[in-house]
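Just protein.pdb here, PDB, C-alpha atoms:
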MODEL        1
ATOM      1  CA  MET A   1     108.029  40.907  39.745
ATOM      2  CA  ASP A   2     110.227  43.975  40.389
ATOM      3  CA  GLU A   3     110.515  46.763  37.849
ATOM      4  CA  SER A   4     114.159  45.972  37.074
ATOM      5  CA  ALA A   5     113.298  42.429  35.975
ATOM      6  CA  ARG A   6     110.707  43.489  33.397
ATOM      7  CA  PRO A   7     111.419  46.509  31.164
ATOM      8  CA  ARG A   8     108.776  49.239  31.018
ATOM      9  CA  ARG A   9     106.556  49.408  27.950
ATOM     10  CA  MET A  10     107.653  52.171  25.615
ATOM     11  CA  ALA A  11     106.825  53.391  22.121
ATOM     12  CA  PRO A  12     106.743  50.753  19.335
ATOM     13  CA  VAL A  13     110.002  49.800  17.661
ATOM     14  CA  PRO A  14     110.535  51.817  14.465
ATOM     15  CA  ASP A  15     110.094  49.726  11.329
ATOM     16  CA  ASP A  16     113.508  49.984   9.673
ATOM     17  CA  GLU A  17     112.738  46.904   7.571
ATOM     18  CA  PRO A  18     109.940  47.047   4.950
ATOM     19  CA  GLN A  19     107.936  44.285   6.657
ATOM     20  CA  GLY A  20     108.981  45.285  10.159
ATOM     21  CA  PRO A  21     111.591  43.519  12.273
ATOM     22  CA  THR A  22     111.426  39.745  12.650
ATOM     23  CA  ALA A  23     111.386  38.108  16.071
ATOM     24  CA  GLU A  24     115.016  37.163  15.429
ATOM     25  CA  ASP A  25     115.916  40.813  14.737
ATOM     26  CA  LEU A  26     114.117  41.881  17.901
ATOM     27  CA  LEU A  27     115.916  39.305  20.020
ATOM     28  CA  VAL A  28     119.280  40.469  18.700
ATOM     29  CA  ARG A  29     118.297  44.033  19.689
ATOM     30  CA  VAL A  30     117.159  42.822  23.101
ATOM     31  CA  ALA A  31     120.622  41.297  23.581
ATOM     32  CA  LYS A  32     121.981  44.830  23.197
ATOM     33  CA  GLY A  33     119.638  46.120  25.926
ATOM     34  CA  ASP A  34     116.922  47.573  23.655
ATOM     35  CA  GLU A  35     113.829  47.772  25.884
ATOM     36  CA  ARG A  36     111.500  48.826  23.062
ATOM     37  CA  ALA A  37     112.560  45.754  21.101
ATOM     38  CA  PHE A  38     111.731  43.638  24.147
ATOM     39  CA  ASP A  39     108.233  45.147  24.338
ATOM     40  CA  ALA A  40     107.648  44.236  20.690
ATOM     41  CA  LEU A  41     109.125  40.751  21.211
ATOM     42  CA  TYR A  42     106.926  40.265  24.286
ATOM     43  CA  ASP A  43     103.809  41.090  22.264
ATOM     44  CA  ARG A  44     104.854  38.629  19.585
ATOM     45  CA  LEU A  45     105.933  35.644  21.717
ATOM     46  CA  ALA A  46     103.948  35.786  24.975
ATOM     47  CA  GLY A  47     100.819  34.304  23.348
ATOM     48  CA  PRO A  48     102.475  31.187  21.872
ATOM     49  CA  VAL A  49     104.502  30.680  25.062
ATOM     50  CA  LEU A  50     101.370  30.882  27.221
ATOM     51  CA  GLY A  51      99.577  28.413  24.922
ATOM     52  CA  LEU A  52     102.334  25.807  25.281
ATOM     53  CA  VAL A  53     102.664  26.285  29.043
ATOM     54  CA  ARG A  54      98.894  25.966  29.552
ATOM     55  CA  ARG A  55      98.847  22.683  27.623
ATOM     56  CA  ILE A  56     101.425  21.293  30.038
ATOM     57  CA  LEU A  57     100.249  22.762  33.353
ATOM     58  CA  ARG A  58      96.462  22.957  32.754
ATOM     59  CA  ASP A  59      96.268  25.725  35.375
ATOM     60  CA  ALA A  60      95.634  29.315  34.255
ATOM     61  CA  ALA A  61      97.282  31.117  37.180
ATOM     62  CA  GLN A  62     100.402  28.941  37.176
ATOM     63  CA  SER A  63     100.614  29.170  33.389
ATOM     64  CA  GLU A  64     100.614  32.975  33.480
ATOM     65  CA  GLU A  65     103.272  32.935  36.193
ATOM     66  CA  VAL A  66     105.515  30.565  34.247
ATOM     67  CA  THR A  67     104.997  32.606  31.054
ATOM     68  CA  GLN A  68     106.223  35.721  32.874
ATOM     69  CA  GLU A  69     109.256  33.763  34.099
ATOM     70  CA  VAL A  70     110.013  32.660  30.531
ATOM     71  CA  MET A  71     109.760  36.200  29.162
ATOM     72  CA  VAL A  72     112.061  37.516  31.906
ATOM     73  CA  GLU A  73     114.491  34.704  31.095
ATOM     74  CA  LEU A  74     114.404  35.780  27.427
ATOM     75  CA  TRP A  75     115.332  39.312  28.493
ATOM     76  CA  ARG A  76     118.141  38.155  30.770
ATOM     77  CA  THR A  77     119.654  35.548  28.436
ATOM     78  CA  ALA A  78     119.119  37.175  25.028
ATOM     79  CA  THR A  79     122.884  37.469  24.550
ATOM     80  CA  ARG A  80     123.067  33.653  24.323
ATOM     81  CA  TYR A  81     120.738  33.562  21.323
ATOM     82  CA  SER A  82     122.217  33.069  17.866
ATOM     83  CA  PRO A  83     119.949  33.223  14.756
ATOM     84  CA  GLU A  84     122.057  30.477  13.141
ATOM     85  CA  ARG A  85     120.867  28.010  15.806
ATOM     86  CA  GLY A  86     117.147  28.412  15.050
ATOM     87  CA  SER A  87     114.201  30.773  15.196
ATOM     88  CA  ALA A  88     113.451  33.031  18.141
ATOM     89  CA  LEU A  89     110.072  31.325  18.519
ATOM     90  CA  ASN A  90     111.639  27.860  18.790
ATOM     91  CA  TRP A  91     114.138  29.159  21.322
ATOM     92  CA  ALA A  92     111.359  30.724  23.407
ATOM     93  CA  MET A  93     109.256  27.544  23.178
ATOM     94  CA  THR A  94     112.200  25.433  24.311
ATOM     95  CA  LEU A  95     112.629  27.675  27.363
ATOM     96  CA  ALA A  96     108.875  27.514  28.004
ATOM     97  CA  HIS A  97     108.750  23.719  27.768
ATOM     98  CA  ARG A  98     111.695  23.385  30.170
ATOM     99  CA  ARG A  99     110.151  25.791  32.696
ATOM    100  CA  ALA A 100     106.732  24.132  32.537
ATOM    101  CA  VAL A 101     108.149  20.621  32.971
ATOM    102  CA  ASP A 102     110.237  21.879  35.913
ATOM    103  CA  ARG A 103     107.038  23.217  37.479
ATOM    104  CA  VAL A 104     105.337  19.808  37.025
ATOM    105  CA  ARG A 105     108.315  18.064  38.654
ATOM    106  CA  SER A 106     108.285  20.550  41.521
ATOM    107  CA  ALA A 107     104.584  19.875  42.095
ATOM    108  CA  ARG A 108     105.290  16.137  42.096
ATOM    109  CA  ALA A 109     108.024  16.569  44.725
ATOM    110  CA  SER A 110     105.598  18.595  46.836
ATOM    111  CA  SER A 111     103.047  15.794  46.514
ATOM    112  CA  ASP A 112     105.643  13.282  47.741
ATOM    113  CA  ARG A 113     106.233  15.444  50.825
ATOM    114  CA  GLU A 114     102.492  15.472  51.470
ATOM    115  CA  VAL A 115     102.424  11.661  51.291
ATOM    116  CA  LYS A 116     105.118  11.502  53.966
ATOM    117  CA  ALA A 117     103.202  13.956  56.136
ATOM    118  CA  THR A 118     100.040  11.856  55.735
ATOM    119  CA  PHE A 119     101.851   8.775  57.046
ATOM    120  CA  GLU A 120     102.966  10.746  60.090
ATOM    121  CA  ALA A 121      99.457  12.069  60.743
ATOM    122  CA  ALA A 122      97.960   8.605  60.276
ATOM    123  CA  ARG A 123      99.669   7.297  63.406
ATOM    124  CA  ALA A 124      97.074   9.007  65.593
ATOM    125  CA  ARG A 125      94.054   7.689  63.623
ATOM    126  CA  PRO A 126      92.014   4.478  64.211
ATOM    127  CA  PHE A 127      93.572   1.281  62.783
ATOM    128  CA  ASP A 128      91.088   0.769  59.888
ATOM    129  CA  GLU A 129      91.577   4.315  58.612
ATOM    130  CA  VAL A 130      95.342   3.968  58.930
ATOM    131  CA  ALA A 131      95.374   0.631  57.059
ATOM    132  CA  GLU A 132      93.275   2.058  54.239
ATOM    133  CA  ALA A 133      95.422   5.170  53.913
ATOM    134  CA  VAL A 134      98.641   3.134  53.987
ATOM    135  CA  ALA A 135      97.392   0.763  51.256
ATOM    136  CA  ALA A 136      96.432   3.664  48.976
ATOM    137  CA  ARG A 137      99.704   5.514  49.586
ATOM    138  CA  TRP A 138     101.715   2.317  49.099
ATOM    139  CA  GLU A 139     100.145   1.769  45.677
ATOM    140  CA  ARG A 140     100.986   5.337  44.648
ATOM    141  CA  SER A 141     104.495   4.899  46.017
ATOM    142  CA  GLN A 142     104.926   1.739  43.918
ATOM    143  CA  VAL A 143     103.784   3.572  40.783
ATOM    144  CA  ARG A 144     106.185   6.461  41.503
ATOM    145  CA  ARG A 145     109.035   4.011  42.086
ATOM    146  CA  CYS A 146     108.284   2.239  38.816
ATOM    147  CA  LEU A 147     108.076   5.537  36.935
ATOM    148  CA  THR A 148     111.708   6.157  37.887
ATOM    149  CA  SER A 149     112.631   2.945  36.019
ATOM    150  CA  LEU A 150     111.532   4.533  32.720
ATOM    151  CA  THR A 151     113.746   6.670  30.544
ATOM    152  CA  GLU A 152     113.138  10.389  30.947
ATOM    153  CA  LEU A 153     111.463  10.549  27.511
ATOM    154  CA  GLN A 154     109.166   7.608  28.331
ATOM    155  CA  ARG A 155     108.318   9.094  31.735
ATOM    156  CA  GLU A 156     107.441  12.525  30.288
ATOM    157  CA  SER A 157     105.212  10.898  27.656
ATOM    158  CA  VAL A 158     103.429   8.647  30.172
ATOM    159  CA  LEU A 159     102.860  11.494  32.653
ATOM    160  CA  LEU A 160     101.409  13.768  29.975
ATOM    161  CA  ALA A 161      99.183  11.055  28.447
ATOM    162  CA  TYR A 162      97.951   9.185  31.531
ATOM    163  CA  TYR A 163      98.199  11.699  34.363
ATOM    164  CA  GLN A 164      97.297  14.910  32.524
ATOM    165  CA  GLY A 165      94.889  13.504  29.928
ATOM    166  CA  TYR A 166      96.756  14.463  26.751
ATOM    167  CA  THR A 167      96.076  12.666  23.461
ATOM    168  CA  TYR A 168      98.976  11.088  21.540
ATOM    169  CA  ARG A 169      98.890  14.019  19.140
ATOM    170  CA  GLU A 170      98.985  16.601  21.969
ATOM    171  CA  VAL A 171     101.894  14.778  23.647
ATOM    172  CA  ALA A 172     103.753  14.812  20.314
ATOM    173  CA  GLU A 173     103.118  18.551  19.956
ATOM    174  CA  VAL A 174     104.202  19.425  23.515
ATOM    175  CA  LEU A 175     107.386  17.328  23.293
ATOM    176  CA  GLN A 176     108.010  18.388  19.676
ATOM    177  CA  THR A 177     108.383  14.725  18.672
ATOM    178  CA  PRO A 178     106.842  12.766  15.750
ATOM    179  CA  HIS A 179     103.482  11.136  16.500
ATOM    180  CA  GLY A 180     104.756   7.622  15.740
ATOM    181  CA  THR A 181     107.718   8.044  18.083
ATOM    182  CA  ILE A 182     105.376   9.062  20.913
ATOM    183  CA  LYS A 183     103.197   5.963  20.388
ATOM    184  CA  THR A 184     106.281   3.727  20.516
ATOM    185  CA  ARG A 185     107.589   5.562  23.591
ATOM    186  CA  LEU A 186     104.264   5.174  25.410
ATOM    187  CA  ARG A 187     103.928   1.493  24.481
ATOM    188  CA  ASP A 188     107.447   0.678  25.698
ATOM    189  CA  GLY A 189     106.955   2.771  28.835
ATOM    190  CA  LEU A 190     103.685   1.018  29.723
ATOM    191  CA  ILE A 191     105.258  -2.411  29.199
ATOM    192  CA  ARG A 192     108.073  -1.489  31.592
ATOM    193  CA  LEU A 193     105.569  -0.138  34.123
ATOM    194  CA  ARG A 194     103.499  -3.346  33.886
ATOM    195  CA  ASP A 195     106.564  -5.514  34.457
ATOM    196  CA  CYS A 196     107.781  -3.352  37.360
ATOM    197  CA  LEU A 197     104.386  -3.442  39.082
ATOM    198  CA  GLY A 198     104.074  -7.207  38.559
ATOM    199  CA  VAL A 199     100.817  -6.944  36.605
ATOM    200  CA  THR A 200     100.183 -10.286  34.914
ATOM    201  CA  ALA A 201      96.766  -9.693  33.295
TER     202      ALA A 201
ENDMDL
END
Could you express the structure from this file as structure tokens?
Amino acid sequence: MDESARPRRMAPVPDDEPQGPTAEDLLVRVAKGDERAFDALYDRLAGPVLGLVRRILRDAAQSEEVTQEVMVELWRTATRYSPERGSALNWAMTLAHRRAVDRVRSARASSDREVKATFEAARARPFDEVAEAVAARWERSQVRRCLTSLTELQRESVLLAYYQGYTYREVAEVLQTPHGTIKTRLRDGLIRLRDCLGVTA
């Protein structure tokens, strides 16, 4: 990351308020270009942002990278923040969730490209190996196709619960949705997947 994207750390923000500035106050100052306010905001929000991103990505290096992207986005878009629309933490967590989910989708697209490349490479392999690889890839392709038949909310819930190993409660926390709603979403999503895949048992 270049130096212009991330302000330098400077002295702490003076405590004008008795309890010190809130995250909302700091974000308003950041919108005015206050680099010291950004340093204080970074210290306050980077930890929660990293925690959420790690729960979604499950990869330390990628999580740190996405957290940095989120904090830079906070710096660049602070002028869009309005305290009346919610807390600074919720705003940061919304940005973090969006970035992390985008990273998951990007990884999925990359995986699809690898599947295509595998089919191409398989042409030069013995028949039995090719048949086995094609069958396995076809099954995955069917699952991916059926996942697109779900609503976006159902798909996100299913991917988190069944592909990333989250519990119902963790899925509810990541998606900021009531626990009961997540259970209903997962049940309906799995029924649609079953029907799409033609599973009768």
Between CA of Val171 in chain A and CA of Met93 in chain A, distance in Å (one decimal) =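 Distance reported for this atom pair: 14.7 Å.
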query = Neighbours of Leu153 in chain A within 12 Å (all atoms listed in the file; same-chain residues fewer than 6 positions away dropped), as a list in words?
reply = Val101, Leu147, Leu159, Leu160, Val171, Ala172, Leu175, Gln176, Thr177, Thr181, Ile182, Lys183, Thr184, Arg185, Leu186, Asp188 and Gly189 of chain A
ask   = A:Asp102, A:Asp59, A:Val30, A:Leu52: which is nearest Thr77 in chain A, counting all atoms listed in the file?
value =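 So, comparing all the options, the nearest one is A:Val30.
Minimum atom-to-atom distance to Pro48 in chain A, evaluated using all atoms listed in the file, belongs to A:His97 out of A:Arg169, A:His97, A:Arg76, A:Arg29.
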task = Determine, counting only C-alpha atoms, which protein, DNA and RNA residues have an atom within 12 Å of an atom of Arg103 in chain A; residues of the same chain fewer than 5 positions away are not included. Present the result as a list of chain:residue names.
result = A:Val53, A:Arg54, A:Ile56, A:Leu57, A:Arg58, A:Asp59, A:Gln62, A:Ser63, A:Glu65, A:Val66, A:Thr67, A:Glu69, A:Ala96, A:His97, A:Arg98, A:Arg108, A:Ala109, A:Ser110
